[in-house]
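Below: model12.cif (mmCIF, C-alpha atoms)
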data_final
loop_
_atom_site.label_atom_id
_atom_site.label_comp_id
_atom_site.auth_asym_id
_atom_site.auth_seq_id
_atom_site.Cartn_x
_atom_site.Cartn_y
_atom_site.Cartn_z
CA MET C 107 -15.74 49.69 69.64
CA THR C 108 -13.18 47.99 71.84
CA PRO C 109 -9.66 47.20 70.58
CA LEU C 110 -10.29 43.45 70.69
CA ILE C 111 -13.41 43.66 68.52
CA ASP C 112 -11.62 46.09 66.21
CA LEU C 113 -8.84 43.54 65.75
CA ALA C 114 -11.33 40.70 65.23
CA VAL C 115 -13.20 42.75 62.63
CA THR C 116 -9.97 43.42 60.75
CA VAL C 117 -8.96 39.75 60.78
CA THR C 118 -12.44 38.64 59.73
CA LEU C 119 -12.68 41.13 56.90
CA SER C 120 -9.30 40.03 55.54
CA CYS C 121 -10.47 36.40 55.69
CA TYR C 122 -13.61 37.24 53.71
CA VAL C 123 -11.67 39.27 51.15
CA ALA C 124 -9.17 36.43 50.70
CA ALA C 125 -12.07 33.98 50.33
CA MET C 126 -13.66 36.21 47.69
CA ALA C 127 -10.33 36.43 45.82
CA LEU C 128 -9.99 32.63 45.78
CA ALA C 129 -13.57 32.26 44.58
CA PHE C 130 -12.83 34.83 41.88
CA VAL C 131 -9.98 32.62 40.64
CA ARG C 132 -12.49 29.77 40.40
CA LEU C 133 -14.91 32.11 38.60
CA LEU C 134 -12.31 32.94 35.98
CA ARG C 135 -10.96 29.43 35.64
CA GLY C 136 -14.26 27.59 35.28
CA PRO C 137 -13.95 25.04 33.75
CA ALA C 138 -17.69 24.48 33.31
CA ALA C 139 -20.43 27.09 33.48
CA GLN C 140 -21.82 25.55 36.69
CA ASP C 141 -18.48 26.19 38.42
CA ARG C 142 -18.79 29.86 37.59
CA VAL C 143 -22.34 30.03 38.94
CA LEU C 144 -21.23 28.31 42.15
CA ALA C 145 -18.32 30.75 42.55
CA LEU C 146 -20.59 33.74 41.91
CA ASP C 147 -23.05 32.52 44.55
CA PHE C 148 -20.19 32.10 47.01
CA ILE C 149 -18.95 35.63 46.30
CA TYR C 150 -22.46 36.96 46.91
CA ILE C 151 -22.67 35.25 50.30
CA ASN C 152 -19.25 36.55 51.29
CA GLY C 153 -20.15 40.07 50.22
CA MET C 154 -23.22 39.84 52.43
CA LEU C 155 -21.07 38.66 55.33
CA VAL C 156 -18.68 41.59 54.79
CA VAL C 157 -21.63 43.99 55.01
CA LEU C 158 -22.83 42.32 58.24
CA VAL C 159 -19.36 42.60 59.78
CA LEU C 160 -19.20 46.26 58.77
CA GLY C 161 -22.55 46.66 60.56
CA ILE C 162 -20.82 45.52 63.76
CA ARG C 163 -17.80 47.73 63.03
CA PHE C 164 -19.88 50.89 62.69
CA GLY C 165 -22.55 49.83 65.17
CA SER C 166 -25.41 50.53 62.82
CA SER C 167 -28.38 48.33 61.95
CA MET C 168 -28.75 49.95 58.53
CA TYR C 169 -26.20 47.45 57.26
CA PHE C 170 -28.57 44.63 58.13
CA GLU C 171 -31.04 45.81 55.52
CA SER C 172 -28.46 46.00 52.75
CA ALA C 173 -27.22 42.53 53.74
CA LEU C 174 -30.77 41.23 53.40
CA LEU C 175 -31.02 42.85 49.97
CA ILE C 176 -27.72 41.32 48.84
CA ALA C 177 -28.90 37.89 50.00
CA LEU C 178 -32.15 38.39 48.06
CA PHE C 179 -30.43 39.46 44.85
CA GLY C 180 -27.88 36.67 45.16
CA PHE C 181 -30.63 34.11 45.50
CA VAL C 182 -32.58 35.41 42.51
CA SER C 183 -29.55 35.65 40.24
CA SER C 184 -28.12 32.24 41.19
CA ALA C 185 -31.51 30.57 40.80
CA ALA C 186 -32.02 32.21 37.40
CA LEU C 187 -28.55 31.20 36.21
CA ALA C 188 -29.01 27.61 37.42
CA LYS C 189 -32.38 27.47 35.69
CA PHE C 190 -30.77 28.77 32.54
CA LEU C 191 -28.12 26.03 32.68
CA LEU C 192 -30.81 23.42 33.18
CA ARG C 193 -33.03 24.31 30.26
CA GLY C 194 -31.42 27.08 28.26
CA GLU C 195 -34.18 29.49 29.23
CA VAL C 196 -35.12 31.27 32.45
CA ILE C 197 -38.88 31.63 32.12
CA GLU C 198 -40.77 29.13 30.09
CA MET M 804 -15.83 47.71 81.81
CA THR M 805 -17.38 44.90 83.81
CA ALA M 806 -16.61 41.18 83.64
CA GLY M 807 -19.82 40.58 81.69
CA THR M 808 -18.91 42.93 78.87
CA THR M 809 -15.42 41.42 78.70
CA VAL M 810 -16.92 37.96 78.22
CA ALA M 811 -19.29 39.33 75.57
CA GLU M 812 -16.39 41.07 73.85
CA VAL M 813 -14.36 37.88 73.66
CA ALA M 814 -17.43 35.93 72.47
CA VAL M 815 -18.14 38.45 69.68
CA ALA M 816 -14.51 38.41 68.57
CA LEU M 817 -14.35 34.60 68.58
CA LEU M 818 -17.61 34.23 66.65
CA LEU M 819 -16.49 36.71 64.00
CA VAL M 820 -13.08 35.11 63.53
CA ALA M 821 -14.56 31.58 63.47
CA GLY M 822 -16.91 32.58 60.67
CA GLY M 823 -14.11 34.23 58.71
CA VAL M 824 -11.67 31.35 59.07
CA LEU M 825 -14.23 28.71 58.08
CA SER M 826 -15.31 30.79 55.12
CA LEU M 827 -11.70 31.00 54.00
CA ALA M 828 -11.38 27.22 54.38
CA SER M 829 -14.45 26.73 52.22
CA ALA M 830 -13.00 29.07 49.58
CA ILE M 831 -9.85 26.95 49.55
CA GLY M 832 -12.06 23.91 49.06
CA LEU M 833 -13.95 25.62 46.25
CA LEU M 834 -10.64 26.26 44.53
CA ARG M 835 -8.91 22.97 45.19
CA MET M 836 -11.47 20.16 44.95
CA ARG M 837 -11.16 18.24 41.69
CA THR M 838 -14.68 17.51 40.46
CA PHE M 839 -17.67 19.82 40.34
CA PHE M 840 -19.74 17.80 42.80
CA MET M 841 -16.90 17.91 45.32
CA ARG M 842 -16.78 21.67 44.86
CA MET M 843 -20.47 21.95 45.72
CA HIS M 844 -19.87 21.00 49.36
CA PRO M 845 -17.52 23.70 50.73
CA PRO M 846 -19.65 26.79 49.87
CA ALA M 847 -22.39 25.40 52.12
CA ILE M 848 -20.09 26.22 55.05
CA ALA M 849 -20.27 29.92 54.26
CA ASN M 850 -24.02 29.58 53.77
CA THR M 851 -24.59 28.08 57.20
CA PHE M 852 -21.84 28.32 59.78
CA ALA M 853 -20.31 31.67 58.81
CA VAL M 854 -23.72 33.34 58.54
CA TRP M 855 -24.90 31.89 61.86
CA CYS M 856 -21.72 33.00 63.63
CA THR M 857 -21.86 36.52 62.21
CA ALA M 858 -25.56 36.94 62.99
CA LEU M 859 -25.03 35.68 66.54
CA ALA M 860 -22.06 38.03 66.97
CA MET M 861 -24.20 40.94 65.75
CA ILE M 862 -27.03 40.11 68.18
CA VAL M 863 -24.63 39.78 71.13
CA TYR M 864 -22.80 42.97 70.17
CA PHE M 865 -25.94 45.08 69.87
CA ALA M 866 -27.44 43.60 73.04
CA VAL M 867 -24.36 44.22 75.19
CA PHE M 868 -22.82 47.38 73.75
CA GLN M 869 -25.85 49.26 72.45
CA ASP M 870 -28.57 47.91 74.77
CA ARG M 871 -31.00 46.84 72.11
CA LEU M 872 -32.22 43.39 71.29
CA ALA M 873 -31.62 43.06 67.54
CA LEU M 874 -33.28 39.64 67.14
CA TYR M 875 -34.32 40.54 63.61
CA VAL M 876 -30.73 39.81 62.50
CA TRP M 877 -31.67 36.15 62.85
CA LEU M 878 -33.96 36.60 59.83
CA ILE M 879 -30.91 36.37 57.53
CA PRO M 880 -29.95 32.81 58.56
CA ILE M 881 -33.61 31.78 58.37
CA PHE M 882 -33.97 33.36 54.95
CA LEU M 883 -30.76 31.77 53.69
CA SER M 884 -31.75 28.33 54.99
CA ILE M 885 -34.88 28.63 52.82
CA THR M 886 -33.21 29.99 49.68
CA ALA M 887 -29.88 28.14 49.66
CA PRO M 888 -31.46 24.68 49.09
CA VAL M 889 -33.35 26.03 46.07
CA THR M 890 -30.23 27.29 44.29
CA THR M 891 -28.11 24.31 45.34
CA ALA M 892 -30.65 21.73 44.21
CA LEU M 893 -31.26 23.53 40.90
CA LEU M 894 -27.53 23.85 40.27
CA ALA M 895 -26.94 20.18 41.14
CA ARG M 896 -29.66 19.10 38.72
CA ALA M 897 -28.26 21.33 36.00
CA ALA M 898 -24.74 19.99 36.57
CA LEU M 899 -25.95 16.38 36.53
CA PHE M 900 -27.84 16.99 33.30
CA ARG M 901 -24.86 18.66 31.64
CA GLU M 902 -22.35 16.06 32.85
CA ARG M 903 -24.52 13.25 31.48
CA GLN M 904 -24.82 15.01 28.15
CA ARG M 905 -21.08 15.50 28.05
CA GLY M 906 -20.36 11.97 29.20
CA GLY M 907 -18.55 13.23 32.30
CA ASP M 908 -18.34 11.66 35.73
CA ALA M 909 -21.97 11.39 36.72
CA PRO M 910 -24.01 8.31 37.52
CA PRO M 911 -26.29 7.25 34.68
CA PRO M 912 -29.99 8.01 34.95
CA PRO M 913 -31.95 5.34 36.83
CA GLY M 914 -33.82 2.73 34.82
CA ASP M 915 -33.01 1.47 31.37
CA VAL M 916 -34.72 4.22 29.41
CA PRO M 917 -32.37 7.20 29.01
CA VAL M 918 -33.87 10.57 29.89
CA SER M 919 -34.95 12.48 26.82
CA ARG M 920 -35.56 16.18 26.84
CA MET G 325 -61.76 31.86 59.97
CA LYS G 326 -60.72 29.17 57.53
CA ARG G 327 -61.64 31.44 54.60
CA LEU G 328 -59.81 34.40 56.07
CA PHE G 329 -56.62 32.46 56.80
CA PRO G 330 -56.22 29.65 54.27
CA ALA G 331 -52.64 29.07 55.45
CA PRO G 332 -52.45 29.88 59.17
CA LEU G 333 -48.78 28.92 59.52
CA LEU G 334 -47.75 31.18 56.64
CA SER G 335 -49.87 34.03 58.03
CA ALA G 336 -48.35 33.68 61.48
CA SER G 337 -44.78 33.66 60.19
CA LEU G 338 -45.43 36.65 57.92
CA PHE G 339 -46.87 38.57 60.88
CA VAL G 340 -43.88 37.79 63.10
CA MET G 341 -41.42 38.59 60.30
CA TRP G 342 -42.98 41.98 59.62
CA ILE G 343 -42.98 42.94 63.30
CA ALA G 344 -39.36 41.80 63.60
CA LEU G 345 -38.31 43.82 60.56
CA GLN G 346 -40.04 46.96 61.80
CA GLY G 347 -38.74 46.46 65.31
CA SER G 348 -41.72 48.12 66.94
CA LEU G 349 -45.10 47.18 68.36
CA ALA G 350 -46.88 50.41 67.38
CA ALA G 351 -50.53 50.14 66.38
CA GLY G 352 -49.80 51.03 62.76
CA ASP G 353 -47.22 48.29 62.40
CA LEU G 354 -49.57 45.73 63.95
CA VAL G 355 -52.35 46.71 61.51
CA LEU G 356 -50.00 46.55 58.52
CA ALA G 357 -48.60 43.20 59.67
CA ALA G 358 -52.12 41.81 60.07
CA PHE G 359 -53.06 43.10 56.62
CA LEU G 360 -49.98 41.46 55.03
CA ALA G 361 -50.60 38.22 56.90
CA MET G 362 -54.09 38.16 55.38
CA ALA G 363 -53.28 39.47 51.89
CA ILE G 364 -50.16 37.48 50.98
CA PRO G 365 -51.65 33.96 51.39
CA ILE G 366 -54.62 35.09 49.27
CA ALA G 367 -52.27 36.54 46.65
CA CYS G 368 -50.28 33.29 46.67
CA ALA G 369 -53.39 31.08 46.32
CA PRO G 370 -53.14 30.92 42.48
CA LEU G 371 -49.77 29.19 42.93
CA ARG G 372 -51.74 26.36 44.59
CA PRO G 373 -49.38 25.59 47.46
CA LEU G 374 -50.04 22.26 49.14
CA PRO G 375 -51.54 22.71 52.57
CA VAL G 376 -49.04 21.90 55.30
CA ARG G 377 -50.19 19.96 58.30
CA ILE G 378 -47.73 19.45 61.11
CA ARG G 379 -48.82 16.52 63.18
CA ARG G 380 -46.10 16.28 65.79
CA PRO G 381 -44.65 19.68 66.76
CA GLY G 382 -42.45 18.03 69.40
CA VAL G 383 -40.78 15.84 66.80
CA LEU G 384 -40.31 18.90 64.60
CA VAL G 385 -38.48 20.80 67.34
CA ARG G 386 -36.25 17.80 68.00
CA LEU G 387 -35.53 17.42 64.27
CA VAL G 388 -34.51 21.09 64.02
CA LEU G 389 -32.09 20.62 66.92
CA VAL G 390 -30.67 17.39 65.43
CA VAL G 391 -30.18 19.07 62.05
CA GLY G 392 -28.59 22.12 63.68
CA SER G 393 -26.03 19.99 65.52
CA ASP G 394 -25.39 17.92 62.38
CA VAL G 395 -24.77 21.08 60.36
CA PHE G 396 -22.27 22.21 62.98
CA ARG G 397 -20.44 18.86 62.99
CA SER G 398 -20.52 18.49 59.21
CA ASN G 399 -19.13 22.02 58.79
CA LEU G 400 -16.07 21.17 60.85
CA GLN G 401 -15.67 17.82 59.06
CA VAL G 402 -15.86 19.37 55.59
CA ALA G 403 -13.48 22.19 56.54
CA ALA G 404 -11.02 19.65 58.01
CA GLY G 405 -11.44 17.46 54.94
CA VAL G 406 -10.60 20.39 52.69
CA LEU G 407 -7.56 21.42 54.70
CA ARG G 408 -6.02 17.96 54.81
CA SER G 409 -6.95 17.05 51.23
CA PRO G 410 -3.33 17.21 49.96
CA TRP G 411 -2.48 14.29 52.24
CA ARG G 412 -5.74 12.38 52.31
CA ALA G 413 -8.27 13.13 49.59
CA PRO G 414 -11.89 12.95 50.78
CA ARG G 415 -13.76 10.07 49.21
CA GLY G 416 -16.59 11.83 47.47
CA ALA G 417 -19.22 9.49 46.11
CA PHE G 418 -22.76 9.31 44.84
CA VAL G 419 -25.19 7.35 47.00
CA ARG G 420 -28.63 6.19 46.00
CA VAL G 421 -30.94 6.22 49.02
CA PRO G 422 -34.28 4.41 48.73
CA LEU G 423 -36.97 6.66 50.18
CA ASP G 424 -40.22 5.76 51.89
CA ILE G 425 -41.74 9.22 52.16
CA THR G 426 -43.92 10.47 49.34
CA ASP G 427 -45.47 13.65 50.76
CA PRO G 428 -44.19 16.63 48.69
CA ASN G 429 -43.82 18.85 51.75
CA ALA G 430 -41.77 16.19 53.53
CA LEU G 431 -39.58 15.77 50.43
CA ALA G 432 -39.05 19.53 50.25
CA ALA G 433 -38.02 19.55 53.90
CA LEU G 434 -35.65 16.63 53.26
CA CYS G 435 -34.15 18.54 50.32
CA ALA G 436 -33.58 21.56 52.55
CA ILE G 437 -31.96 19.37 55.23
CA THR G 438 -29.57 17.62 52.85
CA THR G 439 -28.42 20.80 51.14
CA VAL G 440 -28.03 22.79 54.35
CA ILE G 441 -25.71 20.10 55.73
CA PRO G 442 -22.38 20.75 53.97
CA GLY G 443 -21.41 17.09 53.76
CA THR G 444 -24.31 16.09 51.50
CA VAL G 445 -25.87 17.55 48.36
CA TRP G 446 -29.29 16.61 47.01
CA THR G 447 -28.76 15.78 43.35
CA GLU G 448 -31.69 13.96 41.86
CA LEU G 449 -34.97 12.43 42.94
CA SER G 450 -36.61 10.00 40.59
CA GLU G 451 -39.79 8.09 41.16
CA GLY G 452 -39.18 4.47 41.98
CA HIS G 453 -35.40 4.83 42.15
CA GLY G 454 -34.98 6.82 45.31
CA LEU G 455 -32.80 9.79 45.89
CA LEU G 456 -29.36 10.41 44.46
CA LEU G 457 -27.09 12.16 46.96
CA HIS G 458 -23.52 13.29 46.65
CA VAL G 459 -21.55 12.77 49.86
CA PHE G 460 -18.33 14.65 50.58
CA ASP G 461 -16.53 11.93 52.49
CA LEU G 462 -18.13 8.50 52.40
CA HIS G 463 -16.81 5.72 54.62
CA ASP G 464 -19.51 3.09 54.73
CA GLU G 465 -22.39 3.29 52.28
CA VAL G 466 -24.73 0.89 54.11
CA ALA G 467 -24.21 2.63 57.46
CA PHE G 468 -24.67 6.03 55.84
CA ILE G 469 -28.01 5.06 54.29
CA ALA G 470 -29.27 3.52 57.54
CA ASN G 471 -28.21 6.57 59.53
CA PHE G 472 -29.75 8.95 56.98
CA LYS G 473 -33.10 7.18 57.04
CA GLN G 474 -33.15 6.88 60.81
CA ARG G 475 -32.06 10.46 61.50
CA TYR G 476 -34.03 12.49 58.97
CA GLU G 477 -36.54 10.40 57.08
CA LYS G 478 -38.31 8.82 60.05
CA PRO G 479 -38.99 12.10 61.92
CA LEU G 480 -40.23 13.70 58.68
CA GLN G 481 -42.54 10.76 58.18
CA GLU G 482 -43.92 11.24 61.67
CA ILE G 483 -44.36 14.98 61.17
CA PHE G 484 -45.97 15.11 57.75
CA GLU G 485 -47.67 11.77 57.10
#
structure tokens encoding of this file:
Amino acid sequence: MTPLIDLAVTVTLSCYVAAMALAFVRLLRGPAAQDRVLALDFIYINGMLVVLVLGIRFGSSMYFESALLIALFGFVSSAALAKFLLRGEVIE
Amino acid sequence: MTAGTTVAEVAVALLLVAGGVLSLASAIGLLRMRTFFMRMHPPAIANTFAVWCTALAMIVYFAVFQDRLALYVWLIPIFLSITAPVTTALLARAALFRERQRGGDAPPPPGDVPVSR
Amino acid sequence: MKRLFPAPLLSASLFVMWIALQGSLAAGDLVLAAFLAMAIPIACAPLRPLPVRIRRPGVLVRLVLVVGSDVFRSNLQVAAGVLRSPWRAPRGAFVRVPLDITDPNALAALCAITTVIPGTVWTELSEGHGLLLHVFDLHDEVAFIANFKQRYEKPLQEIFE
């Protein structure tokens, strides 16, 4: 871990946290249900990116696996929510 | 510390920061665009560019500083480029359907016969 | 061979993915990867996936590169459009693009391309009325449609049909 990368990691993590906070405002504000789903999906992606950046910070590839899992869960939940908005049911 | 590692260090730092800054810009877009369909565009930045940059930074970092070729990190961008279209297209369809029901700003269904569900 | 591997492309990518995830070329991993590459297409057969036939691999590689560079450019454009939106609002608009391709695999690929590019979102496809797209910043509708068909639809037609 060199000082430059340490600094870059700090800056990047603050960017992602700020992005998640802004998306959270959108999640609370709506106005429609699809806006909330979109914001939730965005928060999922940013959480995954935070985990990847932490993987660089701590130099461990274990973080890669949890990032993959977050991406998987985010996909399933967003797809299910979008399907619910489309038809009012998830599995027909 | 050789010149090669310095270049790699700068590259990793730039890639990370580029991903973070663009993701922040897309969050601003998500918050500030006026209609739902305009808000659908910015999150795609985080889905593509930010993920690519971070994955590339991770590969470079592990290759240079830990001497292992972590190409498997590239699976995340590949996986996301398969899954993101599914959620986006489903969400767009749902939004179009709901906007039409509500009488919001969405183009009418093609043809003269209105869609019935 | 055909019975053992009903979807050779899927089998090959599953094999590569498993090896990449394990990160080793030990005999056990190779055996497990080969088993998964054989078992998963058979397990997926009841879903009746359409067989994919790629006719022009060269065109496919070029299309991937074109889309990659377009994603990069569109990212910067959308980010710039967002940041200067207080002064100049981006002209978001719906565009109806008449499509010539009918192959479901080609349409799925086109859907992936349009949604991966931040500037466009695939909204609705209806038979006989083309494709409804939402564009983030539309300048010239006619030029956009011509460019879209030339850049993405024609290569897909060459690859899949």
TODO: Name all residues at most 6 Å from M:Pro845 (count only C-alpha atoms; drop same-chain ones fewer than 2 positions away) and give them as a ChimeraX atom specification.
DONE: /M:829,832,847-848
TODO: Using the chain letters and residue numbers of this document, give as a ChimeraX atom specification the residues selected by the PyMOL selection byres ((chain M) within 9 of (chain C)).
DONE: /M:812-813,815-817,819-831,833-834,839,842-843,846-847,849-850,853-854,857-858,860-861,864-865,868-869,873,875-876,878-879,882-883,886-887,889-891,893-898,900-901
Decode the PyMOL selection byres ((chain G and resi 361-372) around 9) for the given file into explicit residues and return them as a short mmCIF file (atom, residue, chain, number, x, y, z; two decimals) with C-alpha atoms, keeping the file's coordinate frame.
data_model
loop_
_atom_site.label_atom_id
_atom_site.label_comp_id
_atom_site.auth_asym_id
_atom_site.auth_seq_id
_atom_site.Cartn_x
_atom_site.Cartn_y
_atom_site.Cartn_z
CA LEU G 328 -59.81 34.40 56.07
CA PHE G 329 -56.62 32.46 56.80
CA PRO G 330 -56.22 29.65 54.27
CA ALA G 331 -52.64 29.07 55.45
CA PRO G 332 -52.45 29.88 59.17
CA LEU G 334 -47.75 31.18 56.64
CA SER G 335 -49.87 34.03 58.03
CA ALA G 336 -48.35 33.68 61.48
CA SER G 337 -44.78 33.66 60.19
CA LEU G 338 -45.43 36.65 57.92
CA PHE G 339 -46.87 38.57 60.88
CA TRP G 342 -42.98 41.98 59.62
CA LEU G 356 -50.00 46.55 58.52
CA ALA G 357 -48.60 43.20 59.67
CA ALA G 358 -52.12 41.81 60.07
CA PHE G 359 -53.06 43.10 56.62
CA LEU G 360 -49.98 41.46 55.03
CA PRO G 373 -49.38 25.59 47.46
CA LEU G 374 -50.04 22.26 49.14
CA PRO G 375 -51.54 22.71 52.57
#
What residues in chain G lie within 12 Å of chain C, counting all atoms listed in the file, written as a PDB file with C-alpha atoms, in the coordinates of the input?
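Saved as part04.pdb:
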ATOM      1  CA  LEU G 345     -38.310  43.820  60.560  1.00  0.00           C
ATOM      2  CA  GLN G 346     -40.040  46.960  61.800  1.00  0.00           C
ATOM      3  CA  GLY G 347     -38.740  46.460  65.310  1.00  0.00           C
TER       4      GLY G 347
END
- [ ] Select all residues from chain G having any atom no more than 8 Å from an atom of chain M (counting all atoms listed in the file, ignoring ligands), output as number ranges by chain.
- [x] G: 341, 344-345, 347, 395-396, 399, 402-403, 406-407, 416, 418, 435-436, 439-448, 450, 453, 458, 460
Can you tell me, as JSON, the centre and edge lengths (Å, one decimal) of the axis-aligned box enclosing all of stretch 370-381 of chain G's listed atoms after padding each side by 5 Å?
{"center_x": -48.9, "center_y": 23.6, "center_z": 54.6, "size_x": 18.5, "size_y": 24.6, "size_z": 34.3}
Task: Coordinates-based distance that separates atom CA of G:Leu423 from atom CA of G:Val466 (Å, one decimal) - done: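 Atom CA of G:Leu423 lies at a distance of 14.1 Å from atom CA of G:Val466.
Here atom CA of G:Arg415 stands at a distance of 19.4 Å from atom CA of M:Glu902.
Pairwise distance (atom CA of G:His463, atom CA of G:Val419) equals 11.4 Å.
For the structure in this document, the set picked by the PyMOL selection byres ((chain G and resi 426) around 12) is Pro422, Leu423, Asp424, Ile425, Asp427, Pro428, Asn429, Ala430, Leu431, Ala432, Ala433, Leu434, Leu449, Ser450, Glu451, Gly452, Gly454, Leu455, Glu477, Leu480, Gln481, Phe484 and Glu485 of chain G.
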Task: Residue among G:Val355, G:Ala417, G:Leu387, G:Ala404 lying closest to G:Asp464, counting all atoms listed in the file - done: G:Ala417
Produce stretch 816-836 of chain M of the given structure as output with N, CA and C atoms, as a short mmCIF file (atom, residue, chain, number, x, y, z; two decimals), in the first residue's frame.
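Output (part-v7.cif):
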data_model
loop_
_atom_site.label_atom_id
_atom_site.label_comp_id
_atom_site.auth_asym_id
_atom_site.auth_seq_id
_atom_site.Cartn_x
_atom_site.Cartn_y
_atom_site.Cartn_z
N ALA M 816 -4.28 4.57 -9.24
CA ALA M 816 -4.92 5.69 -8.55
C ALA M 816 -5.88 6.43 -9.48
N LEU M 817 -5.42 6.67 -10.75
CA LEU M 817 -6.27 7.40 -11.69
C LEU M 817 -7.53 6.62 -12.01
N LEU M 818 -7.38 5.30 -12.23
CA LEU M 818 -8.55 4.49 -12.57
C LEU M 818 -9.57 4.52 -11.44
N LEU M 819 -9.08 4.36 -10.20
CA LEU M 819 -9.99 4.37 -9.05
C LEU M 819 -10.74 5.68 -8.96
N VAL M 820 -9.98 6.79 -9.04
CA VAL M 820 -10.61 8.10 -8.86
C VAL M 820 -11.58 8.39 -10.01
N ALA M 821 -11.20 7.97 -11.25
CA ALA M 821 -12.11 8.20 -12.38
C ALA M 821 -13.43 7.49 -12.16
N GLY M 822 -13.36 6.25 -11.70
CA GLY M 822 -14.60 5.51 -11.43
C GLY M 822 -15.43 6.21 -10.36
N GLY M 823 -14.78 6.64 -9.28
CA GLY M 823 -15.51 7.29 -8.20
C GLY M 823 -16.16 8.58 -8.63
N VAL M 824 -15.40 9.41 -9.38
CA VAL M 824 -15.94 10.71 -9.78
C VAL M 824 -17.12 10.53 -10.73
N LEU M 825 -16.98 9.60 -11.70
CA LEU M 825 -18.09 9.41 -12.64
C LEU M 825 -19.31 8.84 -11.94
N SER M 826 -19.08 7.98 -10.95
CA SER M 826 -20.21 7.43 -10.21
C SER M 826 -20.94 8.52 -9.44
N LEU M 827 -20.15 9.44 -8.89
CA LEU M 827 -20.76 10.58 -8.18
C LEU M 827 -21.56 11.43 -9.15
N ALA M 828 -21.00 11.66 -10.36
CA ALA M 828 -21.74 12.44 -11.37
C ALA M 828 -23.04 11.75 -11.72
N SER M 829 -23.03 10.42 -11.82
CA SER M 829 -24.26 9.73 -12.18
C SER M 829 -25.26 9.80 -11.04
N ALA M 830 -24.77 9.82 -9.78
CA ALA M 830 -25.70 9.97 -8.66
C ALA M 830 -26.35 11.35 -8.69
N ILE M 831 -25.56 12.36 -9.05
CA ILE M 831 -26.14 13.70 -9.17
C ILE M 831 -27.22 13.71 -10.24
N GLY M 832 -26.93 13.01 -11.36
CA GLY M 832 -27.93 12.92 -12.41
C GLY M 832 -29.18 12.20 -11.95
N LEU M 833 -28.99 11.12 -11.19
CA LEU M 833 -30.13 10.35 -10.68
C LEU M 833 -31.01 11.23 -9.82
N LEU M 834 -30.37 12.17 -9.09
CA LEU M 834 -31.13 13.02 -8.18
C LEU M 834 -31.77 14.18 -8.92
N ARG M 835 -31.09 14.69 -9.97
CA ARG M 835 -31.50 15.98 -10.50
C ARG M 835 -32.33 15.93 -11.78
N MET M 836 -32.25 14.83 -12.54
CA MET M 836 -33.03 14.79 -13.78
C MET M 836 -34.52 14.83 -13.45
#
